[in-house]
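Q: If you scroll down you'll find the structure; I have some questions about it.
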Amino acid sequence: MFERIAELAIRRSRLVLVIAFVAVALMGVIGAGAFGKLKGGGYDDPASQASRATEAIEEKFGGETNLIFLVRTPEGRVDTPTARQSGQALVAELKKDQKLGNVISYWDADTPALRSKDGREAMVLAHVKGDATQRDKNAKAVIDKHTGTKNGLSVRAGGGAAIGNDMQAQVPKDLLLAEAIAIPLTLVLLLFVFGSVVAALLPLVIGTIAILGTFAELSLLGGSTDVAITATNLTTALGLGLGIDYALLMISRFREQLAAGQSVDDAVRQTVLTAGRTVAFSAATVAVALAALLVFPQYFLRSFGYAGIGVVAIAAVSTLFVMPALFAVLGHRVNSGRLPWAKRGTARPPVWGRLARTVMRRPALTALPVLAILLLAASPLLGITLGTPDERVLPKDAESRQVTSSLRANFDGNDDAAIHVIINQPVDKTPLNTYATELSKLKGVTRVETATGTHTNGQTTPGNPALSRPTAQRISVVTPLAPQSNEAQNLVKQVRTATPPSGTQTLVGGTSAELVDSKDSISSRLPLALGLVALTTFLLLFLFTGSIVQPIRALVLNMISLGATLGVMTWIFQDGNLSSVLGVTAQPMEASMTVLMFCIAFGLSMDYEVFVTSRIKELHDQGEDNESAVANGLGHTGRIVSAAALLLAVSFFAFGTAKISFMQMFGIGTGLAILIDALAVRGILVPAAMRLLGRTAWYAPKALRAFHTRYGLSEGTPQSTTP
């Protein structure tokens with residue numbers, strides 16, 4: 001196959017480039033419509049109890065409260081005649097807004113719970129209509145229209161819809177800043193690595209094709225299934241990063257072959273047969289890791305799987321076809337635009353080879369300190385807790401965060417974070433009151449609201465008729481507990497285990513219930529995802545190396561480095577260390593983003609595993625002993641791996657400037673994982689492990705050796721080499 005690709009690039013290079021240009025233009029046209037088809041949200045399991053409760057509330061009760069207006073008087077109390085008149089005028093205006101439903105205020109019912117403890121603030125509860133995408137648009141329009149100074153009152157917005165609106169406004173700013181940092185730095189580093197303007201620009205060609213192609217893929221998928229708009233973030237970072245990784249391998253090998261005196265055509269052939277094969281196999285290992293995201297029901301995670309697999313596949317295909325065609329057209333001009341430092345010569349001492357030899361002379365002495373540091377870095381994982389995004393992911397000056405904090409501090413209970421209980425059938429007054437009274441006695445409950453009454457510590461006051469329908473009953477369990485806290489999650493479990501009225505079944509939802517269900521959903525499918533990643537990675541590495549030991553060694557070392565990365569992220573973002581430097585608030589690790597970061601970092605670490613192992617295996621197959629193959633293999637690939645890792649890490653570290661904390665965690669964590677893998681694992685642990693394993697490193701049972709001889713991934717020509 002690779003021979004045919006090489007011959008196509010040599011004989012039909014201009015045709016290949018014309019076809020590629022037309023395809024890229026078409027992908028750009030299709031991809032331009034992606035943003036109109038992609039959706040927000042996607043963090044919840046649609047089959048979970050909390051999601052079904054939300055659907056029932058939406059269908060039968062007009063939706064749950066997701067927007068809270070905090071109204072403050074400049075002086076005096078909210079129940080003075082002037083404040084009441086202004087407040088009622090505001091409420092009347094809100095009720096006329098077609099984007100809102102279920103508008104309830106303190107001035108409607110004089111409910112003490114909707115008035116602050118000092119009497120100077122009042123709440124107006126509302127539901128923003130629409131699905132996840134339309135709700136974001138509606139929330140922005142409503143907040144822009146109704147907040148500010150209204151009839152002498154100060155009006156600010158909080159609650160889930162307002163938090164989502166602030167996130168939607170902040171993410172593009174974060175992306176713009178990250179790209180403004182990453183792209184110039186990447187270009188400078190490319191110039192430094194290649195020492196040639198033409199060679200430095202070629203990786204950007206592959207990155208651009210990968211990004212535009214994946215946008216087109218997401219646009220097509222968005223027309224037939226739910227795809228999260230946040231997947232575009234990964235498309236940009238991973239498309240640019242993998243474009244650079246794969247192009248770096250190809251360009252380095254092509255220039256090496258030219259420097260060895262080969263003709264342009266022979267250099268193209270050898271590059272495709274060696275570096276091209278490595279790119280194809282590397283892409284397969286990365287895609288396998290990202291495919292694990294497809295087993296989760298949350299379309300937020302599945303969307304990153306769609307984007308990740310697409311960007312890897314398109315980057316690999318464009319590298320295999322477009323890059324050789326460019327080489328055939330450019331020839332020796334690939335070195336055009338040489339920069340001053342490159343003219344002094346390209347020979348460099350094999351630093352990585354010398355490091356490998358040093359490590360292998362004292363494998364235990366050099367590896368044990370590195371292992372100890374990585375295991376220490378992983379230790380915070382012992383205390384990890386998972387959560388879903390709330391107002392704390394926003395900057396402290398975000399209005400929705402300030403409002404939500406004020407609601408928790410100054411009001412008795414948080415209506416936006418109430419636990420909702422739905423009974424999908426009529427219930428008589430007496431059993432309904434009995435059930436509500438029992439719920440009100442649970443620890444941490446401020447009040448329980450039903451159609452028949454509001455229950456507080458066994459006391460009942462007039463209820464809210466809007467909580468009853470001919471075919472269903474709705475119960476709101478209001479609590480002062482912080483949403484998503486351990487206490488709030490325990491309360492959800494107690495509500496779910498409480499005995500409902502005889503002959504009825506309940507659905508329990510709300511913010512904390514969504515977290516409980518999300519954690520259960522992710523944890524129930526995580527073993528399957530990890531098992532699929534481990535099994536497919538093992539099989540691919542066996543087909544590549546012919547050894548059953550190499551895949552195990554790779555999986556163990558990768559898990560150690562990823563454990564260290566996740567441990568450091570837990571230490572910073574959950575435990576609060578360095579929080580003042582990064583400007584973040586300590587909170588539980590965002591569940592979906594933690595899983596996403598693991599899968600992406602695992603895939604990229606396997607990328608570098610293939611880069612290094614391919615050269616080591618080639619030299620070993622040519623007759624070198626294990627130690628020489630490792631040292632010389634790292635001597636050849638170490639600079640490529642370290643340069644590729646640095647360039648890719650820059651793309652992710654740029655997200656460390658984000659104001660959304662889980663975006664910071666994703667960027668810093670993935671960048672750190674890349675550097676740990678490329679430096680500590682490839683530089684120290686791999687040569688140490690290979691030295692300790694000795695000849696056993698290439699062991700396989702006789703039957704499997706025969707299988708690999710027949711079906712393994714080999715180049716098929718003795719003279720072929722691997723980068």
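Chains: A, B, ... in order of the structure tokens. Residues: from 1 per chain. Ligands: from 1, in order shown.
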Would you pick out the contacts of segment 500-511 of chain A at 9 Å or less, using only C-alpha atoms, so that residues sharing its chain but fewer than 6 positions from it are not included, and give the list as a list in words?
A: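 Contacts, in chain order: Gln49, Ala50, Ser51, Arg52, Ala53, Thr54, Ala56, Glu64, Gly160, Asp416, Ala417, Ala418, Ile419, His420, Val421, Ile422, Ile423, Asn424, Gln425, Val427, Asp428, Pro431, Leu432, Thr434, Tyr435, Pro483, Gln484 and Val492 of chain A.
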Q: Please extract the residues of segment 338-448 of chain A with a backbone DSSP assignment of alpha helix (DSSP H) and present them as a ChimeraX atom specification.
A: /A:351-361,363-378,399-410,429-440
Q: Have a look at A:Ile373, A:Val445, A:Ala529, A:Val612 and name the one nearest to Gln494 of chain A; count only C-alpha atoms.
A: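 So, comparing all the options, the nearest one is A:Val445.
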Q: Find the distance between atom CA of Gln489 of chain A and atom CA of Leu386 of chain A and write it in Å to one decimal.
A: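 Computed distance, atom CA of Gln489 of chain A to atom CA of Leu386 of chain A, equals 11.5 Å.
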Q: Write out, as CSV, each residue of segment 163-210 of chain A that has an atom at most 8 Å from segment 311-315 of chain A, together with the closest pair of atoms and their distance in Å to one decimal, counting only C-alpha atoms, rows going by chain and rising number.
A:
```
residue,atom,partner,partner_atom,distance
A:Ile206,CA,A:Ala315,CA,6.2
A:Gly207,CA,A:Ala315,CA,6.9
A:Ile209,CA,A:Ala315,CA,7.2
A:Ala210,CA,A:Ala315,CA,4.9
```
Q: Nearest to Gln170 of chain A: which of A:Leu647, A:Met690, A:Asp265, A:Leu394 is it, counting only C-alpha atoms?
A: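 Distance minimum relative to Gln170 of chain A lands on A:Leu394.
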Q: Write out as JSON, numbers by chain which residues come within 6 Å of segment 335-341 of chain A when counting only C-alpha atoms, dropping same-chain ones fewer than 5 positions away.
A: {"A": [195, 196, 197, 198]}
Q: Output C-alpha atoms for every residue in the selection just made, as an mmCIF file, in the first residue's frame.
A:
```
data_model
loop_
_atom_site.group_PDB
_atom_site.id
_atom_site.type_symbol
_atom_site.label_atom_id
_atom_site.label_comp_id
_atom_site.auth_asym_id
_atom_site.auth_seq_id
_atom_site.Cartn_x
_atom_site.Cartn_y
_atom_site.Cartn_z
ATOM 1 C CA GLY A 195 15.794 26.123 10.218
ATOM 2 C CA SER A 196 13.967 26.694 6.929
ATOM 3 C CA VAL A 197 10.938 28.857 6.129
ATOM 4 C CA VAL A 198 9.486 26.430 3.559
#
```
Q: At a cut-off of 12 Å, using only C-alpha atoms, what residues contact Ala377 of chain A? Leave out same-chain residues fewer than 5 positions from it and give the result as a list in words.
A: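 Close residues of Ala377 of chain A: Val370, Leu371, Ala372, Leu382, Ile560, Ser561, Leu562, Gly563, Ala564, Thr565, Leu566, Gly567, Val568, Met569, Thr570, Trp571, Ile572, Leu672, Ala673 and Ile676 of chain A.
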Q: Go ahead and save the picked residues with C-alpha atoms, as a PDB file, in the first residue's frame.
A:
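Dumped everything to selection.pdb:
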```pdb
ATOM      1  CA  VAL A 370      11.751   9.326  38.473  1.00  0.00           C
ATOM      2  CA  LEU A 371       9.207   6.676  39.419  1.00  0.00           C
ATOM      3  CA  ALA A 372       9.099   7.990  42.981  1.00  0.00           C
ATOM      4  CA  LEU A 382      -6.482   9.025  46.318  1.00  0.00           C
ATOM      5  CA  ILE A 560       2.055   5.916  35.539  1.00  0.00           C
ATOM      6  CA  SER A 561       2.611   9.141  33.606  1.00  0.00           C
ATOM      7  CA  LEU A 562      -1.132   9.787  33.248  1.00  0.00           C
ATOM      8  CA  GLY A 563      -1.650   9.109  36.944  1.00  0.00           C
ATOM      9  CA  ALA A 564       0.979  11.731  37.727  1.00  0.00           C
ATOM     10  CA  THR A 565      -0.728  14.234  35.433  1.00  0.00           C
ATOM     11  CA  LEU A 566      -4.187  13.694  36.918  1.00  0.00           C
ATOM     12  CA  GLY A 567      -2.710  13.805  40.411  1.00  0.00           C
ATOM     13  CA  VAL A 568      -1.118  17.200  39.775  1.00  0.00           C
ATOM     14  CA  MET A 569      -4.398  18.506  38.323  1.00  0.00           C
ATOM     15  CA  THR A 570      -6.247  17.269  41.428  1.00  0.00           C
ATOM     16  CA  TRP A 571      -3.643  18.942  43.653  1.00  0.00           C
ATOM     17  CA  ILE A 572      -4.150  22.267  41.854  1.00  0.00           C
ATOM     18  CA  LEU A 672       1.879  18.473  31.168  1.00  0.00           C
ATOM     19  CA  ALA A 673       1.026  14.889  30.188  1.00  0.00           C
ATOM     20  CA  ILE A 676       6.058  14.058  31.118  1.00  0.00           C
TER      21      ILE A 676
END
```
Q: Tell me, as a list in words, which residues lie within 7 Å of segment 127-144 of chain A, counting only C-alpha atoms; anything in the same chain fewer than 5 positions away does not count.
A: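 Selected residues are Lys39, Gly40, Gly41, Gly63, Glu64, Thr65, Asn66, Leu67, Lys99, Leu100, Gly101, Asn102, Val103, Ala157, Ala161, Ala162, Gly164 and Asn165 of chain A.
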Q: Could you write out the selected residues, including N, CA, C and O atoms, as a compact mmCIF listing (two decimals), in the first residue's frame?
A:
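Saved file out.txt follows:
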```
# COMPACT_ATOMS: atom_id res chain seq x y z
N LYS A 39 -24.58 21.92 19.29
CA LYS A 39 -25.40 22.27 20.44
C LYS A 39 -24.54 22.53 21.67
O LYS A 39 -23.39 22.10 21.76
N GLY A 40 -25.15 23.22 22.63
CA GLY A 40 -24.52 23.38 23.93
C GLY A 40 -24.88 22.21 24.83
O GLY A 40 -25.64 21.33 24.46
N GLY A 41 -24.34 22.21 26.05
CA GLY A 41 -24.69 21.18 27.02
C GLY A 41 -24.12 19.83 26.65
O GLY A 41 -23.04 19.69 26.10
N GLY A 63 -41.32 23.59 32.73
CA GLY A 63 -39.88 23.71 32.96
C GLY A 63 -39.53 24.12 34.37
O GLY A 63 -40.29 24.81 35.06
N GLU A 64 -38.34 23.69 34.82
CA GLU A 64 -37.88 24.03 36.16
C GLU A 64 -37.17 25.38 36.15
O GLU A 64 -36.74 25.88 35.10
N THR A 65 -37.03 25.96 37.31
CA THR A 65 -36.34 27.25 37.43
C THR A 65 -34.89 27.12 37.01
O THR A 65 -34.16 26.28 37.53
N ASN A 66 -34.48 27.92 36.02
CA ASN A 66 -33.07 27.92 35.62
C ASN A 66 -32.51 29.33 35.49
O ASN A 66 -31.35 29.51 35.11
N LEU A 67 -33.33 30.33 35.83
CA LEU A 67 -32.87 31.72 35.80
C LEU A 67 -33.46 32.45 36.99
O LEU A 67 -34.68 32.38 37.23
N LYS A 99 -39.91 34.29 25.78
CA LYS A 99 -38.79 33.37 25.98
C LYS A 99 -38.76 32.80 27.39
O LYS A 99 -37.94 31.94 27.70
N LEU A 100 -39.64 33.32 28.27
CA LEU A 100 -39.66 32.91 29.66
C LEU A 100 -40.98 32.23 30.01
O LEU A 100 -42.02 32.49 29.39
N GLY A 101 -40.94 31.39 31.01
CA GLY A 101 -42.13 30.76 31.54
C GLY A 101 -41.99 30.59 33.04
O GLY A 101 -40.90 30.73 33.60
N ASN A 102 -43.10 30.27 33.70
CA ASN A 102 -43.10 30.02 35.15
C ASN A 102 -42.43 31.14 35.94
O ASN A 102 -41.57 30.88 36.79
N VAL A 103 -42.79 32.37 35.64
CA VAL A 103 -42.22 33.52 36.36
C VAL A 103 -42.92 33.66 37.71
O VAL A 103 -44.14 33.83 37.77
N ALA A 157 -28.64 38.83 37.12
CA ALA A 157 -29.12 37.48 36.78
C ALA A 157 -28.17 36.41 37.31
O ALA A 157 -26.95 36.55 37.25
N ALA A 161 -29.07 29.08 33.82
CA ALA A 161 -29.07 29.69 32.49
C ALA A 161 -28.11 30.87 32.41
O ALA A 161 -27.46 31.09 31.39
N ALA A 162 -28.03 31.66 33.49
CA ALA A 162 -27.11 32.80 33.50
C ALA A 162 -25.66 32.34 33.55
O ALA A 162 -24.79 32.94 32.90
N GLY A 164 -24.57 29.52 32.29
CA GLY A 164 -24.31 29.06 30.94
C GLY A 164 -24.07 30.21 29.98
O GLY A 164 -23.21 30.13 29.09
N ASN A 165 -24.83 31.30 30.14
CA ASN A 165 -24.65 32.47 29.28
C ASN A 165 -23.27 33.09 29.47
O ASN A 165 -22.60 33.45 28.48
```
Q: What's around Val78 of chain A at 7 Å? Count only C-alpha atoms, leave out sequence neighbours fewer than 6 positions away in its own chain, and write the answer as a list in words.
A: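 So, after excluding close chain neighbours, the residues are Arg84, Gly119, Arg120, Glu121 and Ala122 of chain A.
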Q: Go through A:Thr285, A:His708, A:Leu218, A:Lys396 one by one, measure the shortest atom-to-atom distance of each to Ala534 of chain A using only C-alpha atoms, and give the residue with the smallest value.
A: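 The shortest atom-to-atom distance to Ala534 of chain A comes from A:Thr285.
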Q: Residues at most 10 Å from Leu685 of chain A, counting only C-alpha atoms, excluding those fewer than 3 positions away in the same chain, as an MDAnalysis selection string?
A: chainID A and resid 356 359:360 363:364 366:368 370:371 553 557 677 679:682 688:691
Q: Measuring between only C-alpha atoms, which one of A:Leu675, A:Leu515, A:Leu693, A:Val351 shows the shortest distance to Gly638 of chain A?
A: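 Closest to Gly638 of chain A, using only C-alpha atoms: A:Val351.
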Q: I'd like the interatomic distance between atom CA of Thr186 of chain A and atom CA of Gly213 of chain A, to a tenth of an Å.
A: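 One can read the atom CA of Thr186 of chain A to atom CA of Gly213 of chain A distance as 21.0 Å.
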Q: In Å to one decimal, how far is atom CA of Ser379 of chain A from atom CA of Pro588 of chain A?
A: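 Spanning atom CA of Pro588 of chain A to atom CA of Ser379 of chain A is a straight-line distance of 16.0 Å.
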Q: Which residue out of A:Ala513, A:Val124, A:Leu365, A:Ala645 has the minimum interatomic distance to Asn486 of chain A when only C-alpha atoms are used?
A: A:Ala513
